[in-house]
Every structure is written in structure tokens, then in C-alpha cells.
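Listing of query.csv; format and content: CSV, C-alpha atoms.
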```csv
chain,number,residue,atom,x,y,z
A,1081,MET,CA,23.4,-11.3,-84.2
A,1082,LEU,CA,25.0,-8.6,-86.3
A,1083,GLU,CA,25.3,-11.0,-89.2
A,1084,THR,CA,21.7,-12.1,-88.8
A,1085,ALA,CA,20.2,-8.6,-88.5
A,1086,ALA,CA,22.2,-7.3,-91.4
A,1087,ALA,CA,21.1,-10.0,-93.8
A,1088,LEU,CA,17.5,-9.0,-94.1
A,1089,THR,CA,16.9,-5.7,-92.5
A,1090,GLY,CA,17.9,-3.9,-95.6
A,1091,VAL,CA,14.9,-5.2,-97.6
A,1092,LEU,CA,12.5,-2.7,-96.2
A,1093,LEU,CA,14.6,0.4,-96.8
A,1094,LEU,CA,15.8,-0.8,-100.1
A,1095,ALA,CA,12.3,-1.3,-101.4
A,1096,ALA,CA,11.1,1.9,-99.9
A,1097,SER,CA,13.9,4.0,-101.5
A,1098,PRO,CA,12.6,5.9,-104.5
A,1099,ALA,CA,15.2,4.5,-106.9
A,1100,ALA,CA,14.5,0.9,-105.9
A,1101,ALA,CA,10.7,1.2,-105.4
A,1102,ALA,CA,10.2,2.6,-108.9
A,1103,SER,CA,11.3,-0.7,-110.6
A,1104,LEU,CA,10.0,-3.3,-108.2
A,1105,PRO,CA,6.6,-5.0,-108.7
A,1106,THR,CA,4.1,-3.6,-106.3
A,1107,ASP,CA,3.4,-6.9,-104.6
A,1108,LEU,CA,7.2,-7.3,-104.0
A,1109,GLN,CA,7.3,-3.7,-102.6
A,1110,ALA,CA,4.4,-4.6,-100.2
A,1111,ALA,CA,6.1,-7.8,-99.1
A,1112,SER,CA,9.4,-6.2,-98.5
A,1113,ARG,CA,7.8,-3.4,-96.5
A,1114,ALA,CA,5.8,-6.0,-94.4
A,1115,PHE,CA,9.1,-7.9,-93.9
A,1116,GLY,CA,10.8,-4.8,-92.7
A,1117,ARG,CA,8.0,-4.0,-90.3
A,1118,ALA,CA,8.0,-7.6,-89.0
A,1119,GLN,CA,11.8,-7.4,-88.3
A,1120,ALA,CA,11.6,-4.1,-86.6
A,1121,SER,CA,8.7,-5.2,-84.3
A,1122,GLY,CA,9.8,-8.8,-83.8
A,1123,ASP,CA,6.5,-10.0,-85.3
A,1124,ARG,CA,7.1,-13.8,-85.3
A,1125,VAL,CA,3.8,-14.6,-87.2
A,1126,ALA,CA,4.7,-12.3,-90.1
A,1127,LEU,CA,8.2,-13.5,-90.2
A,1128,GLU,CA,6.9,-17.1,-90.4
A,1129,GLN,CA,4.9,-16.1,-93.4
A,1130,LEU,CA,7.5,-14.0,-95.2
A,1131,LEU,CA,10.4,-16.5,-94.9
A,1132,ALA,CA,10.3,-19.7,-96.9
A,1133,ASP,CA,10.4,-22.9,-94.9
A,1134,ASP,CA,13.8,-23.7,-96.5
A,1135,PHE,CA,15.2,-20.2,-95.9
A,1136,VAL,CA,19.0,-20.1,-95.4
A,1137,LEU,CA,21.1,-17.2,-94.2
A,1138,VAL,CA,24.9,-17.4,-94.9
A,1139,SER,CA,27.1,-14.8,-93.2
A,1140,GLY,CA,30.5,-13.6,-94.3
A,1141,THR,CA,32.1,-16.0,-91.9
A,1142,GLY,CA,30.5,-18.9,-93.7
A,1143,HIS,CA,28.0,-19.6,-90.9
A,1144,ALA,CA,24.7,-20.8,-92.1
A,1145,GLU,CA,21.4,-20.8,-90.2
A,1146,GLY,CA,17.8,-21.7,-91.1
A,1147,LYS,CA,14.5,-20.0,-90.6
A,1148,ALA,CA,13.9,-21.0,-86.9
A,1149,GLN,CA,17.3,-19.6,-85.7
A,1150,PHE,CA,16.9,-16.5,-87.8
A,1151,ILE,CA,13.5,-15.7,-86.4
A,1152,ALA,CA,14.8,-16.4,-82.8
A,1153,ASP,CA,17.5,-13.8,-83.5
A,1154,LEU,CA,15.1,-11.2,-84.8
A,1155,THR,CA,12.7,-11.6,-82.0
A,1156,ASP,CA,15.3,-11.4,-79.2
A,1157,PRO,CA,14.1,-8.6,-77.0
A,1158,GLU,CA,17.7,-7.7,-76.1
A,1159,VAL,CA,18.6,-6.7,-79.7
A,1160,ARG,CA,17.5,-3.4,-81.2
A,1161,GLU,CA,18.5,-2.0,-84.6
A,1162,ASP,CA,18.7,1.6,-85.7
A,1163,PRO,CA,17.1,2.4,-89.1
A,1164,LEU,CA,19.3,0.8,-91.8
A,1165,GLN,CA,21.1,3.3,-94.0
A,1166,VAL,CA,21.3,1.9,-97.5
A,1167,LEU,CA,24.1,3.7,-99.3
A,1168,GLU,CA,24.1,1.8,-102.6
A,1169,PRO,CA,21.0,-0.1,-103.3
A,1170,ALA,CA,21.1,-2.9,-105.9
A,1171,GLU,CA,18.3,-5.0,-107.3
A,1172,SER,CA,17.5,-7.5,-110.0
A,1173,VAL,CA,14.0,-8.7,-110.7
A,1174,TRP,CA,12.8,-11.4,-113.1
A,1175,ASP,CA,9.6,-13.4,-113.5
A,1176,GLY,CA,8.9,-15.0,-110.1
A,1177,GLY,CA,12.1,-13.9,-108.4
A,1178,ALA,CA,14.3,-11.0,-107.3
A,1179,VAL,CA,17.5,-10.1,-105.6
A,1180,LEU,CA,17.5,-7.0,-103.4
A,1181,GLY,CA,20.7,-5.9,-101.8
A,1182,GLY,CA,23.4,-3.4,-101.7
A,1183,LEU,CA,25.9,-1.5,-99.4
A,1184,ALA,CA,24.5,-0.4,-96.1
A,1185,VAL,CA,25.3,0.8,-92.6
A,1186,LEU,CA,23.8,-1.3,-89.8
A,1187,SER,CA,23.9,-0.1,-86.2
A,1188,GLY,CA,22.1,-0.8,-83.0
A,1189,THR,CA,22.4,-2.5,-79.6
A,1190,ASP,CA,23.0,-6.2,-79.0
A,1191,HIS,CA,22.6,-7.2,-75.4
A,1192,GLY,CA,23.7,-3.8,-74.1
A,1193,THR,CA,26.6,-3.4,-76.5
A,1194,ARG,CA,26.5,-0.8,-79.4
A,1195,PHE,CA,27.5,-2.0,-82.8
A,1196,SER,CA,27.9,-0.4,-86.2
A,1197,ALA,CA,29.1,-2.0,-89.4
A,1198,ARG,CA,29.2,-1.3,-93.2
A,1199,ILE,CA,27.7,-4.4,-94.9
A,1200,ARG,CA,27.0,-5.8,-98.3
A,1201,PHE,CA,23.9,-7.9,-98.5
A,1202,ALA,CA,21.9,-9.9,-101.0
A,1203,ASN,CA,18.4,-11.2,-100.3
A,1204,VAL,CA,16.8,-13.6,-102.8
A,1205,TRP,CA,13.0,-13.4,-103.0
A,1206,ALA,CA,10.8,-16.0,-104.8
A,1207,ARG,CA,7.1,-15.9,-105.6
A,1208,LYS,CA,5.7,-19.1,-104.1
A,1209,ASP,CA,2.1,-20.0,-104.3
A,1210,GLY,CA,1.2,-16.4,-105.4
A,1211,ARG,CA,3.2,-14.6,-102.6
A,1212,TRP,CA,6.7,-13.3,-102.2
A,1213,GLN,CA,9.0,-15.0,-99.7
A,1214,VAL,CA,12.7,-14.6,-98.8
A,1215,VAL,CA,14.5,-17.9,-99.7
A,1216,TYR,CA,18.1,-17.0,-99.2
A,1217,SER,CA,20.3,-14.2,-97.7
A,1218,HIS,CA,24.0,-13.5,-97.7
A,1219,THR,CA,25.7,-10.8,-95.8
A,1220,ILE,CA,29.3,-9.8,-95.4
A,1221,LYS,CA,31.2,-7.0,-93.8
A,1222,ALA,CA,32.1,-4.3,-96.4
A,1223,ALA,CA,35.5,-2.7,-96.8
A,1224,GLU,CA,35.7,0.6,-94.9
```

Rewrite the structure of this file - the entire thing - as C-alpha cells.
Amino acid sequence: MLETAAALTGVLLLAASPAAAASLPTDLQAASRAFGRAQASGDRVALEQLLADDFVLVSGTGHAEGKAQFIADLTDPEVREDPLQVLEPAESVWDGGAVLGGLAVLSGTDHGTRFSARIRFANVWARKDGRWQVVYSHTIKAAE
């Protein structure tokens, strides 16, 4: 679950940080905020809309999972995340696409066990049919 949670949780705080938000298109900012809210609340309907049907998450271990498993992980009532601390945001935006990522600290509780990890993540967003969706994410544990 740590790998799954880490992959996309950073999108909300990355887009909401002053440095990142200043250069992101307003509709991408809105989508990333909505995505962050959906993850925090386990909003399955919003997650279905904000993740592309062909979404793939790849973890640092090489494990890949699709949209259905990712949503199942994020809506698990036994998993709770603390607010993500983005230490070094990174972004790249082009016509119809963007990568949002960076170095962050992810912590929370997974089935009663506390976790905390420094991660590097990259989330690829694409504008599809006039709206932003996450199409690919990669996360890996960062060096301490």
C-alpha cells in the first residue's frame, strides 16, 4: 500500500504549493486538487473520473498495477495517510500533458501499522477529451 499511496498523493500538495501552482495551467491545478481530495476521502467516483482507463502505477520494486487495483488500495478503510510533505517539487508542462513529481515524505497508518518513507514520484497527466487525467505514475523509495 505504501507504494500505491505514494505514487499519487503528492499531486494535490505539489499543485497547491506556491512554486508549483504558479506555473501550472488552472485546469490542471483544479484537477490535481480534486484528485488529492478524492484520494484523501476515498472518493471512488472521482478517482474513476480522474484516472485514465489505461492508468498504470509502477513501484520501485517493479510491481505494476492498473486503475482498478489502485482505486481499491486508495479506498481501503484500513489505510490512512498523513498530509504529504513535498520537499522538492518538480514539474514539466507541455501542450496536453504534464509530469508532476518530486521528493516527498509519506507517512500514515496501514492496517494498524505506522509507516513513513522518503519517496521520489512522477505522475504523468494527459488532457483527454478536454479534461486532465493521470495516465501513469512511478514511485520509488528515496535515499535517506

Write out as an mmCIF file with C-alpha atoms, keeping the file's coordinate frame which residues come within 6 Å of Leu1137 in chain A when counting all atoms listed in the file, dropping same-chain ones fewer than 6 positions away.
```
data_model
loop_
_atom_site.group_PDB
_atom_site.id
_atom_site.type_symbol
_atom_site.label_atom_id
_atom_site.label_comp_id
_atom_site.auth_asym_id
_atom_site.auth_seq_id
_atom_site.Cartn_x
_atom_site.Cartn_y
_atom_site.Cartn_z
ATOM 1 C CA ALA A 1144 24.700 -20.800 -92.100
ATOM 2 C CA GLU A 1145 21.400 -20.800 -90.200
ATOM 3 C CA TYR A 1216 18.100 -17.000 -99.200
ATOM 4 C CA SER A 1217 20.300 -14.200 -97.700
ATOM 5 C CA HIS A 1218 24.000 -13.500 -97.700
#
```

What's the 6 Å shell around range 1152-1164 of chain A, counting all atoms listed in the file, without same-chain residues fewer than 3 positions away, as a PDB file with C-alpha atoms, in the frame of the given file?
```pdb
ATOM      1  CA  GLY A1122       9.800  -8.800 -83.800  1.00  0.00           C
ATOM      2  CA  GLN A1149      17.300 -19.600 -85.700  1.00  0.00           C
ATOM      3  CA  LEU A1186      23.800  -1.300 -89.800  1.00  0.00           C
ATOM      4  CA  SER A1187      23.900  -0.100 -86.200  1.00  0.00           C
ATOM      5  CA  GLY A1188      22.100  -0.800 -83.000  1.00  0.00           C
ATOM      6  CA  THR A1189      22.400  -2.500 -79.600  1.00  0.00           C
ATOM      7  CA  ASP A1190      23.000  -6.200 -79.000  1.00  0.00           C
ATOM      8  CA  HIS A1191      22.600  -7.200 -75.400  1.00  0.00           C
TER       9      HIS A1191
END
```

Open item on the list: List as an MDAnalysis selection string the residues having at least one atom at most 9 Å from position (25.5, 5.2, -97.5) as given in the file, counting all atoms listed in the file.
Closed with: chainID A and resid 1165:1168 1183:1185 1198

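Nearest residue to Gly1177 in chain A, choosing from A:Arg1200, A:Lys1147, A:Arg1211, A:Lys1221 and counting all atoms listed in the file: A:Arg1211.
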
- [ ] Tell me, as a VMD selection string, which residues lie within 8 Å of Gly1146 in chain A, counting all atoms listed in the file; anything in the same chain fewer than 5 positions away does not count.
- [x] chain A and resid 1134 to 1137

Open item on the list: Quick check, in Å to one decimal: how far apart do CA of Ala1178 in chain A and CA of Gly1116 in chain A lie?
Closed with: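 We find that CA of Ala1178 in chain A and CA of Gly1116 in chain A lie 16.2 Å from each other.
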
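From CA of Val1125 in chain A back to CA of Ala1148 in chain A, the distance works out to 12.0 Å.
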
Task: Spatial neighbours of Glu1128 in chain A, 10 Å, all atoms listed in the file, chain gap at least 2 places, as a PyMOL selection string - done: chain A and resi 1118+1123-1126+1130-1133+1147-1148+1151+1213

- [ ] Using CA of Leu1180 in chain A and CA of Asn1203 in chain A as the two end points, give the distance in Å to one decimal.
- [x]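 CA of Asn1203 in chain A lies 5.3 Å from CA of Leu1180 in chain A.
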
Open item on the list: Every residue with an atom at most 7 Å from (28.6, -6.4, -93.7) (file coordinates; only C-alpha atoms) is what I'm after, so could you write them as a ChimeraX atom specification?
Closed with: /A:1086,1197-1201,1219-1222

Open item on the list: Here is a test: counting all atoms listed in the file, which residue of A:Gly1142, A:Gly1181, A:Gly1192, A:Gly1176 is nearest to Trp1212 in chain A?
Closed with: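 Of all the options, A:Gly1176 lies closest to Trp1212 in chain A.
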
- [ ] Rank A:Val1138, A:Val1214, A:Val1173, A:Ala1202 by their smallest atom-to-atom distance to Ala1111 in chain A, using only C-alpha atoms, and report the top residue only.
- [x]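 Using only C-alpha atoms, Ala1111 in chain A sits closest to A:Val1214.
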
Saving range 1101-1224 of chain A with C-alpha atoms, as a compact mmCIF listing (two decimals), in the first residue's frame, what would that file be?
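File produced: result_26.txt:
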```txt
# COMPACT_ATOMS: atom_id res chain seq x y z
CA ALA A 1101 0.84 26.33 -8.72
CA ALA A 1102 2.24 29.50 -10.28
CA SER A 1103 3.28 27.69 -13.46
CA LEU A 1104 0.53 25.08 -13.84
CA PRO A 1105 -2.49 25.64 -16.08
CA THR A 1106 -5.52 26.48 -13.93
CA ASP A 1107 -7.48 23.46 -15.15
CA LEU A 1108 -4.58 21.16 -14.24
CA GLN A 1109 -4.36 22.79 -10.81
CA ALA A 1110 -8.09 22.15 -10.34
CA ALA A 1111 -7.78 18.53 -11.48
CA SER A 1112 -4.83 17.83 -9.20
CA ARG A 1113 -6.62 19.38 -6.23
CA ALA A 1114 -9.72 17.31 -6.97
CA PHE A 1115 -7.53 14.24 -7.27
CA GLY A 1116 -5.91 14.91 -3.91
CA ARG A 1117 -9.30 15.36 -2.27
CA ALA A 1118 -10.54 12.14 -3.88
CA GLN A 1119 -7.56 10.21 -2.55
CA ALA A 1120 -7.86 11.66 0.96
CA SER A 1121 -11.57 10.87 1.17
CA GLY A 1122 -11.52 7.59 -0.75
CA ASP A 1123 -13.96 9.03 -3.32
CA ARG A 1124 -14.25 6.15 -5.77
CA VAL A 1125 -16.41 8.11 -8.26
CA ALA A 1126 -13.93 10.99 -8.51
CA LEU A 1127 -10.99 8.58 -8.77
CA GLU A 1128 -12.73 6.79 -11.65
CA GLN A 1129 -13.00 10.12 -13.48
CA LEU A 1130 -9.50 11.40 -12.72
CA LEU A 1131 -7.60 8.22 -13.61
CA ALA A 1132 -7.37 7.20 -17.26
CA ASP A 1133 -8.81 3.77 -18.04
CA ASP A 1134 -5.35 2.61 -19.08
CA PHE A 1135 -3.66 4.07 -15.98
CA VAL A 1136 -0.58 2.19 -14.73
CA LEU A 1137 1.34 2.59 -11.48
CA VAL A 1138 4.87 1.20 -11.35
CA SER A 1139 6.58 0.97 -7.96
CA GLY A 1140 10.27 0.99 -7.16
CA THR A 1141 10.15 -2.79 -6.88
CA GLY A 1142 8.93 -3.04 -10.46
CA HIS A 1143 5.41 -4.03 -9.42
CA ALA A 1144 2.78 -2.67 -11.81
CA GLU A 1145 -0.91 -2.27 -11.14
CA GLY A 1146 -3.81 -0.86 -13.06
CA LYS A 1147 -6.64 1.51 -12.29
CA ALA A 1148 -8.93 -0.97 -10.50
CA GLN A 1149 -6.29 -2.14 -8.02
CA PHE A 1150 -5.06 1.39 -7.41
CA ILE A 1151 -8.58 2.57 -6.59
CA ALA A 1152 -9.12 -0.46 -4.32
CA ASP A 1153 -5.94 0.45 -2.43
CA LEU A 1154 -6.91 4.11 -2.07
CA THR A 1155 -10.41 3.31 -0.84
CA ASP A 1156 -9.28 0.74 1.75
CA PRO A 1157 -10.77 1.98 5.05
CA GLU A 1158 -7.83 0.48 6.98
CA VAL A 1159 -5.31 2.83 5.34
CA ARG A 1160 -4.94 6.46 6.38
CA GLU A 1161 -2.31 8.90 5.17
CA ASP A 1162 -0.94 11.96 6.90
CA PRO A 1163 -0.61 15.10 4.78
CA LEU A 1164 2.18 14.55 2.26
CA GLN A 1165 5.24 16.74 2.76
CA VAL A 1166 6.67 17.67 -0.64
CA LEU A 1167 10.28 18.66 -0.03
CA GLU A 1168 11.44 19.24 -3.61
CA PRO A 1169 8.60 19.69 -6.11
CA ALA A 1170 9.33 19.12 -9.80
CA GLU A 1171 7.10 19.74 -12.78
CA SER A 1172 7.14 19.84 -16.53
CA VAL A 1173 4.13 21.01 -18.54
CA TRP A 1174 3.57 20.93 -22.30
CA ASP A 1175 0.58 21.22 -24.58
CA GLY A 1176 -1.80 18.46 -23.50
CA GLY A 1177 0.45 16.87 -20.90
CA ALA A 1178 2.40 17.30 -17.70
CA VAL A 1179 4.64 15.48 -15.26
CA LEU A 1180 4.24 16.43 -11.60
CA GLY A 1181 6.53 14.87 -9.06
CA GLY A 1182 9.37 15.40 -6.67
CA LEU A 1183 10.86 14.32 -3.38
CA ALA A 1184 8.38 13.87 -0.53
CA VAL A 1185 7.79 12.32 2.88
CA LEU A 1186 4.80 10.00 3.05
CA SER A 1187 3.51 8.74 6.38
CA GLY A 1188 0.35 7.25 7.80
CA THR A 1189 -1.17 4.03 9.07
CA ASP A 1190 -1.63 0.84 7.06
CA HIS A 1191 -3.84 -1.74 8.79
CA GLY A 1192 -2.76 -0.52 12.23
CA THR A 1193 0.96 -0.19 11.43
CA ARG A 1194 2.61 3.23 11.18
CA PHE A 1195 4.76 3.91 8.13
CA SER A 1196 6.98 6.75 6.99
CA ALA A 1197 9.18 6.95 3.92
CA ARG A 1198 11.01 9.46 1.77
CA ILE A 1199 9.89 8.92 -1.80
CA ARG A 1200 10.53 10.22 -5.28
CA PHE A 1201 7.50 10.18 -7.52
CA ALA A 1202 6.43 11.15 -11.00
CA ASN A 1203 2.83 11.40 -12.16
CA VAL A 1204 2.05 11.83 -15.83
CA TRP A 1205 -1.10 13.79 -16.63
CA ALA A 1206 -2.72 13.97 -20.08
CA ARG A 1207 -5.57 16.14 -21.31
CA LYS A 1208 -8.09 13.66 -22.75
CA ASP A 1209 -11.37 14.80 -24.25
CA GLY A 1210 -10.92 18.23 -22.69
CA ARG A 1211 -10.10 17.08 -19.14
CA TRP A 1212 -6.93 16.15 -17.26
CA GLN A 1213 -6.37 12.55 -16.20
CA VAL A 1214 -3.47 10.71 -14.61
CA VAL A 1215 -2.19 8.14 -17.11
CA TYR A 1216 0.98 6.84 -15.46
CA SER A 1217 2.73 7.02 -12.10
CA HIS A 1218 6.08 5.83 -10.83
CA THR A 1219 7.29 5.90 -7.26
CA ILE A 1220 10.48 4.76 -5.59
CA LYS A 1221 11.93 4.99 -2.11
CA ALA A 1222 14.39 7.90 -1.95
CA ALA A 1223 17.85 7.72 -0.44
CA GLU A 1224 17.91 8.89 3.17
```
